[in-house]
$ cat target-v1.txt   # compact mmCIF, C-alpha atoms
# COMPACT_ATOMS: atom_id res chain seq x y z
CA MET H 867 -4.88 -9.34 -49.22
CA THR H 868 -1.83 -8.19 -47.26
CA GLY H 869 0.72 -10.51 -45.70
CA HIS H 870 -0.39 -9.32 -42.27
CA ARG H 871 -3.95 -10.30 -43.05
CA THR H 872 -2.88 -13.64 -44.45
CA ASN H 873 -0.95 -14.44 -41.29
CA ALA H 874 -4.00 -13.59 -39.23
CA LEU H 875 -6.21 -15.88 -41.27
CA ARG H 876 -3.71 -18.69 -40.90
CA ALA H 877 -3.75 -18.32 -37.13
CA GLY H 878 -6.60 -20.80 -36.94
CA SER H 879 -9.44 -20.85 -34.46
CA SER H 880 -10.65 -18.07 -32.18
CA LEU H 881 -9.21 -20.11 -29.30
CA VAL H 882 -5.72 -19.64 -30.72
CA THR H 883 -6.46 -15.94 -31.11
CA ARG H 884 -7.52 -15.63 -27.47
CA GLU H 885 -4.36 -17.42 -26.39
CA ARG H 886 -2.30 -14.92 -28.38
CA LEU H 887 -4.16 -12.08 -26.69
CA GLU H 888 -3.36 -13.45 -23.24
CA ARG H 889 0.27 -14.13 -24.12
CA HIS H 890 1.18 -11.01 -26.10
CA GLY H 891 -1.48 -8.40 -25.32
CA ALA H 892 -4.09 -6.77 -27.54
CA GLY H 893 -1.58 -4.50 -29.25
CA ALA H 894 0.17 -7.46 -30.86
CA LEU H 895 -2.97 -8.74 -32.62
CA ALA H 896 -4.00 -7.93 -36.20
CA ASP H 897 -7.36 -6.29 -36.89
CA GLU H 898 -8.87 -9.62 -37.93
CA GLU H 899 -7.72 -11.29 -34.72
CA LEU H 900 -9.23 -8.59 -32.52
CA LEU H 901 -12.49 -8.78 -34.44
CA ALA H 902 -12.40 -12.60 -34.29
CA ILE H 903 -12.52 -12.51 -30.49
CA LEU H 904 -15.80 -10.63 -30.73
CA VAL H 905 -17.47 -12.88 -33.32
CA GLY H 906 -16.45 -16.22 -31.78
CA VAL H 907 -16.67 -19.54 -33.63
CA LYS H 908 -14.56 -19.60 -36.81
CA GLY H 909 -13.95 -15.98 -35.94
CA VAL H 910 -10.71 -15.41 -37.85
CA GLN H 911 -12.20 -16.38 -41.21
CA THR H 912 -15.41 -14.46 -40.55
CA ALA H 913 -13.49 -11.41 -39.35
CA GLY H 914 -11.51 -11.41 -42.59
CA ALA H 915 -14.72 -11.45 -44.58
CA VAL H 916 -16.11 -8.54 -42.54
CA LEU H 917 -13.04 -6.40 -43.07
CA GLU H 918 -12.97 -7.25 -46.78
CA ALA H 919 -16.57 -6.10 -47.06
CA CYS H 920 -16.01 -2.92 -45.03
CA GLY H 921 -12.70 -2.01 -46.60
CA THR H 922 -11.11 -0.64 -43.41
CA VAL H 923 -11.46 -1.26 -39.71
CA GLN H 924 -12.50 2.39 -39.29
CA GLN H 925 -15.55 1.73 -41.47
CA LEU H 926 -16.89 -0.63 -38.80
CA ALA H 927 -17.94 2.43 -36.82
CA HIS H 928 -20.39 3.33 -39.61
CA GLU H 929 -21.96 -0.09 -40.14
CA SER H 930 -25.31 -1.14 -38.66
CA THR H 931 -26.11 -4.57 -37.28
CA GLY H 932 -28.21 -5.21 -40.39
CA ASP H 933 -25.32 -4.38 -42.70
CA LEU H 934 -22.91 -6.65 -40.82
CA ALA H 935 -25.41 -9.51 -40.52
CA ARG H 936 -25.59 -9.77 -44.31
CA ILE H 937 -21.90 -10.63 -44.56
CA LYS H 938 -21.08 -14.33 -45.01
CA GLY H 939 -20.42 -16.02 -41.67
CA MET H 940 -22.09 -13.29 -39.63
CA THR H 941 -25.35 -13.60 -37.70
CA PRO H 942 -27.51 -10.90 -36.08
CA THR H 943 -26.03 -11.85 -32.71
CA ARG H 944 -22.44 -11.59 -33.92
CA ALA H 945 -23.22 -8.33 -35.70
CA ALA H 946 -24.68 -6.89 -32.50
CA MET H 947 -21.54 -7.90 -30.57
CA VAL H 948 -19.31 -6.10 -33.07
CA VAL H 949 -21.41 -2.93 -33.05
CA ALA H 950 -21.45 -2.95 -29.24
CA GLY H 951 -17.67 -3.49 -29.11
CA VAL H 952 -17.03 -0.61 -31.49
CA GLU H 953 -19.30 1.66 -29.45
CA LEU H 954 -17.51 0.78 -26.20
CA GLY H 955 -14.20 1.62 -27.81
CA ARG H 956 -15.57 4.94 -29.02
CA ARG H 957 -16.81 5.83 -25.53
CA THR H 958 -13.42 5.17 -23.94
CA LEU H 959 -11.94 7.85 -26.20
CA THR H 960 -14.73 10.43 -26.20
CA ARG H 961 -15.93 10.45 -22.60
CA PRO H 962 -13.85 12.53 -20.16
CA ARG H 963 -12.28 10.58 -17.31
CA PRO H 964 -13.88 11.50 -13.96
CA ASP H 965 -11.60 13.26 -11.52
CA ARG H 966 -10.03 10.87 -9.05
CA GLN H 967 -10.48 11.63 -5.39
CA ARG H 968 -7.45 13.21 -3.74
CA LEU H 969 -6.46 11.67 -0.41
CA GLY H 970 -3.76 13.98 0.89
CA THR H 971 -4.25 13.69 4.64
CA PRO H 972 -4.98 10.91 7.16
CA ARG H 973 -8.32 12.56 7.92
CA GLU H 974 -9.34 12.39 4.25
CA VAL H 975 -8.27 8.74 4.08
CA ALA H 976 -10.27 7.90 7.21
CA ALA H 977 -13.35 9.76 5.96
CA PHE H 978 -13.24 7.69 2.79
CA LEU H 979 -12.65 4.31 4.47
CA LEU H 980 -14.67 4.43 7.71
CA PRO H 981 -18.12 4.09 6.09
CA HIS H 982 -16.97 0.92 4.36
CA TYR H 983 -14.82 -0.82 6.98
CA GLY H 984 -15.08 0.99 10.33
CA ALA H 985 -17.89 -1.14 11.73
CA SER H 986 -17.04 -4.41 9.97
CA PRO H 987 -17.10 -7.44 12.30
CA VAL H 988 -14.36 -9.07 10.22
CA GLU H 989 -10.81 -7.74 9.98
CA HIS H 990 -9.78 -6.55 6.52
CA PHE H 991 -6.34 -5.43 5.40
CA GLY H 992 -6.05 -3.44 2.22
CA ILE H 993 -4.24 -0.73 0.32
CA ILE H 994 -5.16 2.46 -1.47
CA SER H 995 -3.02 2.94 -4.58
CA LEU H 996 -2.24 6.58 -5.33
CA CYS H 997 -0.75 8.47 -8.26
CA THR H 998 2.08 10.99 -7.92
CA LYS H 999 -0.46 13.70 -6.99
CA HIS H 1000 -1.95 11.43 -4.31
CA ARG H 1001 -5.16 10.90 -6.21
CA MET H 1002 -6.76 7.52 -5.72
CA LEU H 1003 -6.20 4.91 -8.40
CA ARG H 1004 -7.77 1.91 -6.69
CA THR H 1005 -8.71 0.47 -3.30
CA GLU H 1006 -8.17 -3.25 -2.85
CA ILE H 1007 -8.45 -5.72 0.01
CA VAL H 1008 -5.36 -7.91 0.27
CA SER H 1009 -6.27 -10.10 3.24
CA THR H 1010 -9.36 -10.92 5.30
CA GLY H 1011 -9.23 -12.38 8.79
CA THR H 1012 -7.04 -11.91 11.83
CA LEU H 1013 -4.14 -9.65 10.89
CA ASP H 1014 -0.87 -11.53 10.98
CA ALA H 1015 2.41 -10.94 9.20
CA SER H 1016 2.16 -14.37 7.59
CA LEU H 1017 -1.21 -13.42 6.01
CA VAL H 1018 -0.04 -10.07 4.65
CA HIS H 1019 3.02 -10.66 2.51
CA PRO H 1020 4.87 -7.73 0.89
CA ARG H 1021 4.77 -9.61 -2.40
CA GLU H 1022 0.97 -9.47 -2.52
CA VAL H 1023 0.80 -5.85 -1.36
CA PHE H 1024 3.27 -4.49 -3.88
CA ARG H 1025 2.16 -6.70 -6.74
CA THR H 1026 -1.25 -5.06 -6.43
CA ALA H 1027 0.31 -1.58 -6.23
CA ALA H 1028 2.60 -2.18 -9.19
CA MET H 1029 -0.28 -3.55 -11.28
CA HIS H 1030 -2.04 -0.20 -10.94
CA ARG H 1031 1.18 1.79 -11.45
CA ALA H 1032 0.95 3.35 -8.02
CA ALA H 1033 3.53 5.94 -7.00
CA ALA H 1034 2.54 5.56 -3.35
CA ILE H 1035 0.17 3.55 -1.19
CA VAL H 1036 -1.74 3.90 2.06
CA LEU H 1037 -2.11 0.75 4.13
CA PHE H 1038 -5.29 0.27 6.13
CA HIS H 1039 -7.08 -2.28 8.24
CA ASN H 1040 -9.92 -2.32 10.75
CA HIS H 1041 -10.13 -3.44 14.37
CA PRO H 1042 -13.49 -5.10 15.09
CA SER H 1043 -12.74 -4.61 18.81
CA GLY H 1044 -13.56 -0.92 18.45
CA ASP H 1045 -10.11 0.24 19.56
CA PRO H 1046 -7.99 1.70 16.75
CA SER H 1047 -4.74 1.68 18.75
CA PRO H 1048 -1.99 -0.20 16.89
CA SER H 1049 -0.82 -3.54 18.27
CA VAL H 1050 2.77 -4.76 18.37
CA ASP H 1051 2.02 -6.84 15.28
CA ASP H 1052 0.58 -3.78 13.51
CA VAL H 1053 3.78 -1.86 14.14
CA ALA H 1054 6.00 -4.74 12.99
CA LEU H 1055 3.99 -5.24 9.81
CA THR H 1056 4.07 -1.53 8.99
CA GLU H 1057 7.84 -1.41 9.36
CA ARG H 1058 8.22 -4.50 7.19
CA LEU H 1059 6.04 -3.06 4.41
CA GLN H 1060 7.73 0.33 4.62
CA GLN H 1061 11.12 -1.29 4.01
CA ALA H 1062 9.69 -3.32 1.12
CA GLY H 1063 8.27 -0.12 -0.35
CA ILE H 1064 11.70 1.50 -0.33
CA LEU H 1065 13.09 -1.42 -2.33
CA MET H 1066 10.15 -1.34 -4.74
CA GLY H 1067 10.23 2.41 -5.24
CA ILE H 1068 6.62 2.74 -4.01
CA GLU H 1069 6.29 4.95 -0.96
CA VAL H 1070 4.18 3.82 2.00
CA LEU H 1071 2.56 7.10 3.04
CA ASP H 1072 0.54 5.90 6.00
CA HIS H 1073 -1.10 3.01 7.78
CA VAL H 1074 -4.59 3.89 8.95
CA ILE H 1075 -6.38 1.69 11.50
CA LEU H 1076 -10.16 1.95 11.56
CA ALA H 1077 -12.55 1.18 14.42
CA ASP H 1078 -16.23 2.16 14.36
CA THR H 1079 -16.14 5.94 13.87
CA ARG H 1080 -12.53 6.43 15.02
CA TYR H 1081 -9.18 5.96 13.38
CA CYS H 1082 -5.48 5.91 14.19
CA SER H 1083 -2.84 7.07 11.69
CA PHE H 1084 0.83 6.04 11.83
CA LYS H 1085 1.63 9.28 10.00
CA GLU H 1086 -0.13 11.41 12.59
CA MET H 1087 1.69 9.52 15.32
CA GLY H 1088 5.01 10.29 13.65
CA ARG H 1089 5.77 6.61 12.92
CA LEU H 1090 5.81 7.06 9.14

$ encode --input "target-v1.txt" --output "C-alpha cells"
Amino acid sequence: MTGHRTNALRAGSSLVTRERLERHGAGALADEELLAILVGVKGVQTAGAVLEACGTVQQLAHESTGDLARIKGMTPTRAAMVVAGVELGRRTLTRPRPDRQRLGTPREVAAFLLPHYGASPVEHFGIISLCTKHRMLRTEIVSTGTLDASLVHPREVFRTAAMHRAAAIVLFHNHPSGDPSPSVDDVALTERLQQAGILMGIEVLDHVILADTRYCSFKEMGRL
C-alpha cells in the first residue's frame, strides 16, 4: 500500500473526506477519498478495500454492481452508487458539449428573454454571462422585486459573472408596467455597474429592459 493510500485511510470518516472536498476541491483528494464520498458510512476504509480488489481506479469502469457488492464493506446499494458515478464521469468525457447560443445583438437577447420575463407581474433583475465569443454561459436572476440600487449591488452581479468565468455580461430586467422605457434609477444603476465592470475586467455589453412583447436596449440607444 502506497503512502498516498495510507494517508487517505488515516483521514478518518467520510465526513472528514467531504470537508476536505469542500475546502480543497476534488483535485486534491486521493482516489480512496473520492470513492469514499460515493459509498458513505466508513467510506474511506471500504473504498480502500474496493481499490485493493480492483487493482486500479480505471478498473472500476469494468466492474458490475454484483462484482463490487461482493467486496467486504460494500452493499448492493453502495455498489450501484459507484457504478452510476463512474458512468456519469464517463459521459462527461464522451458526450459532445451542445453549442451555446450566441447572443450578439440586442434583438437576439430580447428574443431569448421576452418569453421568460416580458409578461412577468414581478420585477426581476438578472444577468446573462457570455464567453469571449458572446455565447451564453448562464442566465441568472440576481434580484426580485422593485428595482433599486440598494437591491442590486455590483458585488452580487460580478460575483455571479466571475463564478462562471464570463468575459462579458448583459444586464436585464422587466417592467411589469408594460413600458420598457428606462427610468432615472435604471440609468443610474447601469452607469454604476458599467464602472464596476471596468474595474473587474468584465465588460457590460448592454442593459435590456423587457415589457410584454417590447424591449428597450441601452446599446441601441447609444448609452452603452

$ atom_distance --input "target-v1.txt" --atom1 "CA of Leu1037 in chain H" --atom2 "CA of Ile994 in chain H"
6.6 Å

$ atom_distance --input "target-v1.txt" --atom1 "CA of Thr998 in chain H" --atom2 "CA of Glu1069 in chain H"
10.1 Å

$ closest_residue --input "target-v1.txt" --among "H:Thr1010, H:Met1002, H:Gly992, H:Ala902" --to "Glu974 in chain H" --atoms "all atoms listed in the file"
H:Met1002

$ closest_residue --input "target-v1.txt" --among "H:Val988, H:Ile1064, H:Leu1071, H:Leu895" --to "Asn1040 in chain H" --atoms "all atoms listed in the file"
H:Val988

$ atom_distance --input "target-v1.txt" --atom1 "CA of Gly1067 in chain H" --atom2 "CA of Phe1024 in chain H"
9.9 Å

$ closest_residue --input "target-v1.txt" --among "H:Val949, H:Ala915, H:Glu1057, H:Arg944" --to "Ala927 in chain H" --atoms "all atoms listed in the file"
H:Val949

$ residues_around --input "target-v1.txt" --residues "Gln1061 in chain H" --least-positions-apart "5" --cutoff "9 Å" --atoms "all atoms listed in the file" --output "list in words"
Thr1056, Met1066 and Val1070 of chain H

$ closest_residue --input "target-v1.txt" --among "H:Ala976, H:Ala894, H:Ala946, H:Val923" --to "Asp1072 in chain H" --atoms "only C-alpha atoms"
H:Ala976
